[in-house]
Amino acid sequence: MVSQSEKNFQSLSSIPAKGLTTVLKVFLLALFILILGSLTGMIIFSFWVKETEIRLIILGFSVPVLSFLTWMAVAEYQSKNPRYNQIQVDEKGLHHYGENTPPQSLLYESLSANNEGGLYDVLWTDRGYSENNFELYIFTKNELGNIKAQPVQFKTTTLVRNSNVLLTHFVKGIMHFRPDLKIDPKVLERYHIID
């Protein structure tokens with residue numbers, strides 16, 4: 001049975017930026033090909049160099065880097081990581097959807113209180129890792145039952161135009177469906193939510 005509060009909470013879906021994603025992928029692919037070509041050219045050039053020391057330096061740099069980049073490209077191509085292309089925030093939580101991929105969800109009911117001694121359960125912080133890379137953090141139980149802080153991140157293969165709107169809607173969902181969790185005022189300020 002769906003409650004009245006769940007009916008009032010509208011679902012919100014991501015808007016993919018397909019054109020920008022395509023431009024970015026083409027640019028990165030061209031850059032990757034340029035780097036591979038340059039490294040291959042350096043290897044070929046090293047055979048024309050007469051000084052052995054310079055040849056060893058060029059080969060010592062180019063061959064390992066070229067091998068590593070080639071290995072990375074093959075590993076990425078063969079990876080079976082789920083490829084999500086749609087995000088939705090609804091009365092249950094935040095969901096990632098993809099073609100031929102089981103959905104992955106971050107449910108409001110799975111959120112936990114802060115067990116690290118902090119005042120708030122929903123944070124806007126860098127967790128001490130970076131001074132300028134702040135993210136929205138929540139607390140959830142992992143497979144072992146331990147409560148850990150984790151950032152709320154999108155796992156899509158395309159860029160999302162309305163990512164801040166989705167995160168704002170997710171925070172509003174936490175306020176609506178989990179009023180027991182304390183939200184850091186920095187989160188409310190960041191997403192322009194009036195309490």
# chains A, B, ... in the order shown; residues from 1 in each chain; ligands from 1
>>> residues_around(residues="Leu36 of chain A", least_positions_apart="3", cutoff="12 Å", atoms="only C-alpha atoms", output="number ranges by chain")
A: 29-33, 39-43, 62-71, 73
>>> select_by_dssp(residues="segment 5-194 of chain A", states="helix (DSSP H, G or I)", output="JSON list (two decimals) with N, CA and C atoms, in the first residue's frame")
[["chain", "number", "residue", "atom", "x", "y", "z"],
["A", 5, "SER", "N", 2.26, 10.29, 1.62],
["A", 5, "SER", "CA", 3.53, 11.01, 1.48],
["A", 5, "SER", "C", 4.34, 10.49, 0.30],
["A", 6, "GLU", "N", 4.25, 9.19, 0.02],
["A", 6, "GLU", "CA", 4.96, 8.63, -1.13],
["A", 6, "GLU", "C", 4.32, 9.10, -2.43],
["A", 7, "LYS", "N", 2.99, 9.29, -2.43],
["A", 7, "LYS", "CA", 2.32, 9.79, -3.63],
["A", 7, "LYS", "C", 2.72, 11.23, -3.91],
["A", 8, "ASN", "N", 2.93, 12.03, -2.86],
["A", 8, "ASN", "CA", 3.27, 13.43, -3.03],
["A", 8, "ASN", "C", 4.72, 13.64, -3.47],
["A", 18, "LYS", "N", 24.04, 13.57, -24.01],
["A", 18, "LYS", "CA", 24.62, 12.65, -24.97],
["A", 18, "LYS", "C", 25.61, 13.33, -25.92],
["A", 19, "GLY", "N", 25.27, 14.53, -26.38],
["A", 19, "GLY", "CA", 26.16, 15.25, -27.29],
["A", 19, "GLY", "C", 27.49, 15.58, -26.64],
["A", 20, "LEU", "N", 27.43, 16.13, -25.44],
["A", 20, "LEU", "CA", 28.64, 16.47, -24.71],
["A", 20, "LEU", "C", 29.45, 15.23, -24.36],
["A", 21, "THR", "N", 28.76, 14.14, -24.01],
["A", 21, "THR", "CA", 29.44, 12.88, -23.72],
["A", 21, "THR", "C", 30.17, 12.37, -24.95],
["A", 22, "THR", "N", 29.52, 12.44, -26.12],
["A", 22, "THR", "CA", 30.15, 11.99, -27.36],
["A", 22, "THR", "C", 31.38, 12.84, -27.69],
["A", 23, "VAL", "N", 31.26, 14.15, -27.55],
["A", 23, "VAL", "CA", 32.40, 15.04, -27.82],
["A", 23, "VAL", "C", 33.55, 14.72, -26.88],
["A", 24, "LEU", "N", 33.25, 14.51, -25.61],
["A", 24, "LEU", "CA", 34.30, 14.19, -24.64],
["A", 24, "LEU", "C", 34.97, 12.85, -24.95],
["A", 25, "LYS", "N", 34.16, 11.84, -25.29],
["A", 25, "LYS", "CA", 34.72, 10.53, -25.62],
["A", 25, "LYS", "C", 35.60, 10.60, -26.87],
["A", 26, "VAL", "N", 35.15, 11.34, -27.89],
["A", 26, "VAL", "CA", 35.94, 11.48, -29.12],
["A", 26, "VAL", "C", 37.25, 12.21, -28.83],
["A", 27, "PHE", "N", 37.18, 13.27, -28.01],
["A", 27, "PHE", "CA", 38.39, 14.00, -27.65],
["A", 27, "PHE", "C", 39.38, 13.11, -26.91],
["A", 28, "LEU", "N", 38.88, 12.36, -25.92],
["A", 28, "LEU", "CA", 39.76, 11.49, -25.14],
["A", 28, "LEU", "C", 40.34, 10.35, -26.00],
["A", 29, "LEU", "N", 39.53, 9.82, -26.91],
["A", 29, "LEU", "CA", 40.02, 8.78, -27.82],
["A", 29, "LEU", "C", 41.10, 9.34, -28.74],
["A", 30, "ALA", "N", 40.88, 10.55, -29.27],
["A", 30, "ALA", "CA", 41.89, 11.18, -30.13],
["A", 30, "ALA", "C", 43.18, 11.45, -29.35],
["A", 31, "LEU", "N", 43.05, 11.91, -28.11],
["A", 31, "LEU", "CA", 44.22, 12.15, -27.27],
["A", 31, "LEU", "C", 44.95, 10.84, -26.99],
["A", 32, "PHE", "N", 44.21, 9.78, -26.71],
["A", 32, "PHE", "CA", 44.81, 8.47, -26.46],
["A", 32, "PHE", "C", 45.56, 7.98, -27.71],
["A", 33, "ILE", "N", 44.95, 8.12, -28.88],
["A", 33, "ILE", "CA", 45.60, 7.70, -30.13],
["A", 33, "ILE", "C", 46.84, 8.54, -30.39],
["A", 34, "LEU", "N", 46.76, 9.85, -30.12],
["A", 34, "LEU", "CA", 47.91, 10.73, -30.30],
["A", 34, "LEU", "C", 49.07, 10.31, -29.40],
["A", 35, "ILE", "N", 48.77, 9.98, -28.15],
["A", 35, "ILE", "CA", 49.82, 9.55, -27.22],
["A", 35, "ILE", "C", 50.41, 8.22, -27.67],
["A", 36, "LEU", "N", 49.55, 7.27, -28.06],
["A", 36, "LEU", "CA", 50.07, 5.97, -28.55],
["A", 36, "LEU", "C", 50.94, 6.17, -29.78],
["A", 37, "GLY", "N", 50.49, 7.01, -30.70],
["A", 37, "GLY", "CA", 51.28, 7.28, -31.91],
["A", 37, "GLY", "C", 52.61, 7.94, -31.59],
["A", 38, "SER", "N", 52.61, 8.88, -30.65],
["A", 38, "SER", "CA", 53.85, 9.55, -30.26],
["A", 38, "SER", "C", 54.83, 8.56, -29.63],
["A", 39, "LEU", "N", 54.31, 7.70, -28.76],
["A", 39, "LEU", "CA", 55.19, 6.71, -28.14],
["A", 39, "LEU", "C", 55.74, 5.73, -29.17],
["A", 40, "THR", "N", 54.90, 5.30, -30.11],
["A", 40, "THR", "CA", 55.37, 4.41, -31.17],
["A", 40, "THR", "C", 56.43, 5.11, -32.02],
["A", 41, "GLY", "N", 56.20, 6.39, -32.33],
["A", 41, "GLY", "CA", 57.18, 7.17, -33.07],
["A", 41, "GLY", "C", 58.50, 7.29, -32.33],
["A", 42, "MET", "N", 58.43, 7.47, -31.00],
["A", 42, "MET", "CA", 59.66, 7.55, -30.21],
["A", 42, "MET", "C", 60.42, 6.22, -30.25],
["A", 43, "ILE", "N", 59.72, 5.12, -30.22],
["A", 43, "ILE", "CA", 60.37, 3.81, -30.28],
["A", 43, "ILE", "C", 61.06, 3.64, -31.64],
["A", 44, "ILE", "N", 60.38, 3.99, -32.71],
["A", 44, "ILE", "CA", 60.97, 3.89, -34.05],
["A", 44, "ILE", "C", 62.16, 4.83, -34.17],
["A", 45, "PHE", "N", 62.00, 6.05, -33.65],
["A", 45, "PHE", "CA", 63.09, 7.03, -33.70],
["A", 45, "PHE", "C", 64.32, 6.54, -32.94],
["A", 46, "SER", "N", 64.10, 5.80, -31.84],
["A", 46, "SER", "CA", 65.23, 5.36, -31.03],
["A", 46, "SER", "C", 66.18, 4.44, -31.80],
["A", 52, "THR", "N", 73.97, 4.98, -27.59],
["A", 52, "THR", "CA", 73.29, 3.90, -26.90],
["A", 52, "THR", "C", 72.54, 4.40, -25.66],
["A", 53, "GLU", "N", 73.14, 5.37, -24.93],
["A", 53, "GLU", "CA", 72.51, 5.88, -23.72],
["A", 53, "GLU", "C", 71.16, 6.52, -24.03],
["A", 54, "ILE", "N", 71.12, 7.34, -25.06],
["A", 54, "ILE", "CA", 69.87, 8.02, -25.43],
["A", 54, "ILE", "C", 68.85, 7.00, -25.91],
["A", 55, "ARG", "N", 69.31, 6.02, -26.68],
["A", 55, "ARG", "CA", 68.40, 4.97, -27.16],
["A", 55, "ARG", "C", 67.78, 4.21, -25.98],
["A", 56, "LEU", "N", 68.60, 3.88, -24.97],
["A", 56, "LEU", "CA", 68.09, 3.17, -23.81],
["A", 56, "LEU", "C", 67.11, 4.03, -23.01],
["A", 57, "ILE", "N", 67.39, 5.32, -22.91],
["A", 57, "ILE", "CA", 66.46, 6.21, -22.19],
["A", 57, "ILE", "C", 65.12, 6.27, -22.92],
["A", 58, "ILE", "N", 65.15, 6.45, -24.22],
["A", 58, "ILE", "CA", 63.92, 6.53, -25.01],
["A", 58, "ILE", "C", 63.14, 5.21, -24.91],
["A", 59, "LEU", "N", 63.83, 4.09, -25.11],
["A", 59, "LEU", "CA", 63.16, 2.80, -25.03],
["A", 59, "LEU", "C", 62.70, 2.49, -23.60],
["A", 60, "GLY", "N", 63.52, 2.87, -22.62],
["A", 60, "GLY", "CA", 63.18, 2.63, -21.22],
["A", 60, "GLY", "C", 61.94, 3.39, -20.80],
["A", 61, "PHE", "N", 61.67, 4.52, -21.44],
["A", 61, "PHE", "CA", 60.47, 5.27, -21.14],
["A", 61, "PHE", "C", 59.29, 4.82, -22.01],
["A", 62, "SER", "N", 59.52, 4.74, -23.29],
["A", 62, "SER", "CA", 58.42, 4.51, -24.24],
["A", 62, "SER", "C", 57.81, 3.13, -24.16],
["A", 63, "VAL", "N", 58.62, 2.10, -24.09],
["A", 63, "VAL", "CA", 58.09, 0.73, -24.12],
["A", 63, "VAL", "C", 57.20, 0.44, -22.90],
["A", 64, "PRO", "N", 57.64, 0.74, -21.66],
["A", 64, "PRO", "CA", 56.75, 0.46, -20.53],
["A", 64, "PRO", "C", 55.45, 1.29, -20.56],
["A", 65, "VAL", "N", 55.56, 2.57, -20.93],
["A", 65, "VAL", "CA", 54.36, 3.41, -20.97],
["A", 65, "VAL", "C", 53.41, 2.93, -22.06],
["A", 66, "LEU", "N", 53.95, 2.60, -23.23],
["A", 66, "LEU", "CA", 53.12, 2.09, -24.32],
["A", 66, "LEU", "C", 52.47, 0.76, -23.92],
["A", 67, "SER", "N", 53.22, -0.10, -23.28],
["A", 67, "SER", "CA", 52.67, -1.39, -22.82],
["A", 67, "SER", "C", 51.56, -1.18, -21.80],
["A", 68, "PHE", "N", 51.79, -0.28, -20.86],
["A", 68, "PHE", "CA", 50.78, -0.01, -19.83],
["A", 68, "PHE", "C", 49.50, 0.57, -20.43],
["A", 69, "LEU", "N", 49.63, 1.53, -21.34],
["A", 69, "LEU", "CA", 48.46, 2.13, -21.97],
["A", 69, "LEU", "C", 47.69, 1.12, -22.81],
["A", 70, "THR", "N", 48.40, 0.26, -23.50],
["A", 70, "THR", "CA", 47.76, -0.78, -24.30],
["A", 70, "THR", "C", 47.02, -1.76, -23.39],
["A", 71, "TRP", "N", 47.67, -2.15, -22.29],
["A", 71, "TRP", "CA", 47.03, -3.05, -21.33],
["A", 71, "TRP", "C", 45.77, -2.41, -20.74],
["A", 72, "MET", "N", 45.84, -1.10, -20.40],
["A", 72, "MET", "CA", 44.67, -0.41, -19.86],
["A", 72, "MET", "C", 43.52, -0.39, -20.86],
["A", 73, "ALA", "N", 43.84, -0.14, -22.14],
["A", 73, "ALA", "CA", 42.80, -0.10, -23.17],
["A", 73, "ALA", "C", 42.13, -1.46, -23.33],
["A", 74, "VAL", "N", 42.93, -2.52, -23.35],
["A", 74, "VAL", "CA", 42.37, -3.86, -23.50],
["A", 74, "VAL", "C", 41.55, -4.24, -22.27],
["A", 75, "ALA", "N", 42.05, -3.91, -21.08],
["A", 75, "ALA", "CA", 41.32, -4.23, -19.84],
["A", 75, "ALA", "C", 39.99, -3.48, -19.78],
["A", 76, "GLU", "N", 39.97, -2.23, -20.20],
["A", 76, "GLU", "CA", 38.73, -1.45, -20.19],
["A", 76, "GLU", "C", 37.74, -2.01, -21.21],
["A", 77, "TYR", "N", 38.24, -2.40, -22.36],
["A", 77, "TYR", "CA", 37.37, -2.95, -23.40],
["A", 77, "TYR", "C", 36.75, -4.28, -22.95],
["A", 78, "GLN", "N", 37.52, -5.09, -22.26],
["A", 78, "GLN", "CA", 37.04, -6.40, -21.84],
["A", 78, "GLN", "C", 36.32, -6.39, -20.50],
["A", 108, "TYR", "N", 16.44, 4.82, 0.93],
["A", 108, "TYR", "CA", 16.37, 5.63, 2.15],
["A", 108, "TYR", "C", 16.39, 4.76, 3.39],
["A", 109, "GLU", "N", 15.71, 3.61, 3.33],
["A", 109, "GLU", "CA", 15.64, 2.73, 4.49],
["A", 109, "GLU", "C", 17.00, 2.11, 4.84],
["A", 110, "SER", "N", 17.95, 2.10, 3.89],
["A", 110, "SER", "CA", 19.27, 1.53, 4.17],
["A", 110, "SER", "C", 20.23, 2.54, 4.78],
["A", 163, "SER", "N", 22.56, 16.82, -12.49],
["A", 163, "SER", "CA", 23.09, 16.07, -11.34],
["A", 163, "SER", "C", 22.81, 16.79, -10.02],
["A", 164, "ASN", "N", 22.94, 18.12, -9.97],
["A", 164, "ASN", "CA", 22.66, 18.83, -8.73],
["A", 164, "ASN", "C", 21.18, 18.76, -8.36],
["A", 165, "VAL", "N", 20.31, 18.79, -9.37],
["A", 165, "VAL", "CA", 18.87, 18.68, -9.11],
["A", 165, "VAL", "C", 18.56, 17.30, -8.54],
["A", 166, "LEU", "N", 19.19, 16.26, -9.07],
["A", 166, "LEU", "CA", 18.97, 14.90, -8.57],
["A", 166, "LEU", "C", 19.44, 14.77, -7.12],
["A", 167, "LEU", "N", 20.62, 15.32, -6.83],
["A", 167, "LEU", "CA", 21.13, 15.24, -5.46],
["A", 167, "LEU", "C", 20.27, 16.06, -4.51],
["A", 168, "THR", "N", 19.78, 17.21, -4.97],
["A", 168, "THR", "CA", 18.87, 18.01, -4.15],
["A", 168, "THR", "C", 17.61, 17.22, -3.84],
["A", 169, "HIS", "N", 17.07, 16.56, -4.85],
["A", 169, "HIS", "CA", 15.86, 15.76, -4.68],
["A", 169, "HIS", "C", 16.12, 14.58, -3.73],
["A", 170, "PHE", "N", 17.31, 13.99, -3.81],
["A", 170, "PHE", "CA", 17.67, 12.89, -2.91],
["A", 170, "PHE", "C", 17.73, 13.38, -1.47],
["A", 171, "VAL", "N", 18.32, 14.56, -1.24],
["A", 171, "VAL", "CA", 18.39, 15.12, 0.12],
["A", 171, "VAL", "C", 16.98, 15.44, 0.62],
["A", 172, "LYS", "N", 16.14, 15.97, -0.25],
["A", 172, "LYS", "CA", 14.75, 16.24, 0.14],
["A", 172, "LYS", "C", 14.03, 14.93, 0.49],
["A", 173, "GLY", "N", 14.34, 13.87, -0.24],
["A", 173, "GLY", "CA", 13.78, 12.56, 0.08],
["A", 173, "GLY", "C", 14.23, 12.07, 1.44],
["A", 174, "ILE", "N", 15.50, 12.31, 1.77],
["A", 174, "ILE", "CA", 16.00, 11.93, 3.10],
["A", 174, "ILE", "C", 15.23, 12.71, 4.17],
["A", 175, "MET", "N", 15.04, 14.01, 3.93],
["A", 175, "MET", "CA", 14.30, 14.84, 4.89],
["A", 175, "MET", "C", 12.85, 14.35, 5.03],
["A", 176, "HIS", "N", 12.27, 13.93, 3.93],
["A", 176, "HIS", "CA", 10.87, 13.55, 3.90],
["A", 176, "HIS", "C", 10.64, 12.15, 4.49],
["A", 177, "PHE", "N", 11.46, 11.18, 4.07],
["A", 177, "PHE", "CA", 11.23, 9.78, 4.46],
["A", 177, "PHE", "C", 12.08, 9.32, 5.64],
["A", 185, "PRO", "N", 23.94, 21.41, 8.06],
["A", 185, "PRO", "CA", 23.47, 22.65, 7.44],
["A", 185, "PRO", "C", 24.24, 23.01, 6.15],
["A", 186, "LYS", "N", 25.49, 22.54, 6.04],
["A", 186, "LYS", "CA", 26.25, 22.78, 4.81],
["A", 186, "LYS", "C", 25.60, 22.10, 3.61],
["A", 187, "VAL", "N", 24.97, 20.94, 3.84],
["A", 187, "VAL", "CA", 24.26, 20.23, 2.77],
["A", 187, "VAL", "C", 23.06, 21.05, 2.33],
["A", 188, "LEU", "N", 22.31, 21.55, 3.29],
["A", 188, "LEU", "CA", 21.13, 22.35, 2.97],
["A", 188, "LEU", "C", 21.52, 23.64, 2.25],
["A", 189, "GLU", "N", 22.64, 24.22, 2.66],
["A", 189, "GLU", "CA", 23.12, 25.44, 2.00],
["A", 189, "GLU", "C", 23.62, 25.13, 0.59],
["A", 190, "ARG", "N", 24.35, 24.04, 0.45],
["A", 190, "ARG", "CA", 24.91, 23.68, -0.87],
["A", 190, "ARG", "C", 23.82, 23.42, -1.90]]
>>> closest_residue(among="A:Val122, A:Asn81, A:Thr157, A:Gln10", to="Pro179 of chain A", atoms="only C-alpha atoms")
A:Val122
>>> select_by_dssp(residues="segment 35-121 of chain A", states="strand (DSSP E or B)", output="count of residues only")
19
>>> closest_residue(among="A:Ile183, A:Ile15, A:Val152, A:Ile147", to="Ile87 of chain A", atoms="only C-alpha atoms")
A:Ile15
>>> decode(residues="segment 148-174 of chain A", atoms="N, CA and C atoms", output="PDB file, in the first residue's frame")
ATOM      1  N   LYS A 148      29.489   2.484   7.498  1.00  0.00           N
ATOM      2  CA  LYS A 148      30.583   3.249   6.898  1.00  0.00           C
ATOM      3  C   LYS A 148      30.023   4.449   6.158  1.00  0.00           C
ATOM      4  N   ALA A 149      30.801   5.518   6.121  1.00  0.00           N
ATOM      5  CA  ALA A 149      30.440   6.685   5.324  1.00  0.00           C
ATOM      6  C   ALA A 149      30.784   6.406   3.867  1.00  0.00           C
ATOM      7  N   GLN A 150      29.913   6.829   2.978  1.00  0.00           N
ATOM      8  CA  GLN A 150      30.200   6.658   1.549  1.00  0.00           C
ATOM      9  C   GLN A 150      29.662   7.863   0.795  1.00  0.00           C
ATOM     10  N   PRO A 151      30.365   8.273  -0.258  1.00  0.00           N
ATOM     11  CA  PRO A 151      29.865   9.393  -1.053  1.00  0.00           C
ATOM     12  C   PRO A 151      28.705   8.938  -1.931  1.00  0.00           C
ATOM     13  N   VAL A 152      27.809   9.864  -2.208  1.00  0.00           N
ATOM     14  CA  VAL A 152      26.717   9.592  -3.142  1.00  0.00           C
ATOM     15  C   VAL A 152      27.249   9.972  -4.514  1.00  0.00           C
ATOM     16  N   GLN A 153      27.500   8.962  -5.355  1.00  0.00           N
ATOM     17  CA  GLN A 153      28.086   9.195  -6.673  1.00  0.00           C
ATOM     18  C   GLN A 153      27.224   8.572  -7.745  1.00  0.00           C
ATOM     19  N   PHE A 154      27.254   9.205  -8.920  1.00  0.00           N
ATOM     20  CA  PHE A 154      26.550   8.669 -10.076  1.00  0.00           C
ATOM     21  C   PHE A 154      27.499   7.760 -10.839  1.00  0.00           C
ATOM     22  N   LYS A 155      26.979   6.611 -11.265  1.00  0.00           N
ATOM     23  CA  LYS A 155      27.801   5.608 -11.950  1.00  0.00           C
ATOM     24  C   LYS A 155      27.310   5.428 -13.380  1.00  0.00           C
ATOM     25  N   THR A 156      27.164   6.517 -14.102  1.00  0.00           N
ATOM     26  CA  THR A 156      26.633   6.427 -15.461  1.00  0.00           C
ATOM     27  C   THR A 156      27.762   6.527 -16.472  1.00  0.00           C
ATOM     28  N   THR A 157      27.485   6.024 -17.672  1.00  0.00           N
ATOM     29  CA  THR A 157      28.456   6.103 -18.756  1.00  0.00           C
ATOM     30  C   THR A 157      28.277   7.375 -19.567  1.00  0.00           C
ATOM     31  N   THR A 158      27.248   8.146 -19.266  1.00  0.00           N
ATOM     32  CA  THR A 158      27.034   9.432 -19.924  1.00  0.00           C
ATOM     33  C   THR A 158      27.031  10.531 -18.872  1.00  0.00           C
ATOM     34  N   LEU A 159      27.359  11.729 -19.306  1.00  0.00           N
ATOM     35  CA  LEU A 159      27.295  12.866 -18.403  1.00  0.00           C
ATOM     36  C   LEU A 159      25.835  13.175 -18.097  1.00  0.00           C
ATOM     37  N   VAL A 160      25.574  13.691 -16.910  1.00  0.00           N
ATOM     38  CA  VAL A 160      24.210  13.991 -16.471  1.00  0.00           C
ATOM     39  C   VAL A 160      24.066  15.505 -16.348  1.00  0.00           C
ATOM     40  N   ARG A 161      23.089  16.057 -17.073  1.00  0.00           N
ATOM     41  CA  ARG A 161      22.872  17.506 -17.053  1.00  0.00           C
ATOM     42  C   ARG A 161      22.320  18.005 -15.722  1.00  0.00           C
ATOM     43  N   ASN A 162      21.470  17.242 -15.092  1.00  0.00           N
ATOM     44  CA  ASN A 162      20.785  17.708 -13.888  1.00  0.00           C
ATOM     45  C   ASN A 162      21.265  16.993 -12.623  1.00  0.00           C
ATOM     46  N   SER A 163      22.564  16.819 -12.491  1.00  0.00           N
ATOM     47  CA  SER A 163      23.090  16.074 -11.343  1.00  0.00           C
ATOM     48  C   SER A 163      22.805  16.787 -10.021  1.00  0.00           C
ATOM     49  N   ASN A 164      22.941  18.119  -9.969  1.00  0.00           N
ATOM     50  CA  ASN A 164      22.659  18.833  -8.727  1.00  0.00           C
ATOM     51  C   ASN A 164      21.178  18.757  -8.362  1.00  0.00           C
ATOM     52  N   VAL A 165      20.313  18.789  -9.366  1.00  0.00           N
ATOM     53  CA  VAL A 165      18.874  18.681  -9.112  1.00  0.00           C
ATOM     54  C   VAL A 165      18.561  17.297  -8.543  1.00  0.00           C
ATOM     55  N   LEU A 166      19.186  16.262  -9.073  1.00  0.00           N
ATOM     56  CA  LEU A 166      18.971  14.903  -8.573  1.00  0.00           C
ATOM     57  C   LEU A 166      19.443  14.767  -7.123  1.00  0.00           C
ATOM     58  N   LEU A 167      20.625  15.321  -6.831  1.00  0.00           N
ATOM     59  CA  LEU A 167      21.134  15.240  -5.464  1.00  0.00           C
ATOM     60  C   LEU A 167      20.269  16.061  -4.505  1.00  0.00           C
ATOM     61  N   THR A 168      19.783  17.210  -4.967  1.00  0.00           N
ATOM     62  CA  THR A 168      18.873  18.013  -4.150  1.00  0.00           C
ATOM     63  C   THR A 168      17.608  17.223  -3.840  1.00  0.00           C
ATOM     64  N   HIS A 169      17.071  16.561  -4.853  1.00  0.00           N
ATOM     65  CA  HIS A 169      15.860  15.761  -4.679  1.00  0.00           C
ATOM     66  C   HIS A 169      16.121  14.581  -3.730  1.00  0.00           C
ATOM     67  N   PHE A 170      17.309  13.991  -3.811  1.00  0.00           N
ATOM     68  CA  PHE A 170      17.674  12.892  -2.914  1.00  0.00           C
ATOM     69  C   PHE A 170      17.726  13.381  -1.465  1.00  0.00           C
ATOM     70  N   VAL A 171      18.321  14.555  -1.237  1.00  0.00           N
ATOM     71  CA  VAL A 171      18.391  15.115   0.117  1.00  0.00           C
ATOM     72  C   VAL A 171      16.981  15.441   0.619  1.00  0.00           C
ATOM     73  N   LYS A 172      16.140  15.974  -0.252  1.00  0.00           N
ATOM     74  CA  LYS A 172      14.746  16.241   0.141  1.00  0.00           C
ATOM     75  C   LYS A 172      14.033  14.933   0.489  1.00  0.00           C
ATOM     76  N   GLY A 173      14.344  13.869  -0.238  1.00  0.00           N
ATOM     77  CA  GLY A 173      13.777  12.564   0.082  1.00  0.00           C
ATOM     78  C   GLY A 173      14.227  12.068   1.442  1.00  0.00           C
ATOM     79  N   ILE A 174      15.498  12.306   1.770  1.00  0.00           N
ATOM     80  CA  ILE A 174      15.996  11.929   3.098  1.00  0.00           C
ATOM     81  C   ILE A 174      15.232  12.710   4.167  1.00  0.00           C
TER      82      ILE A 174
END
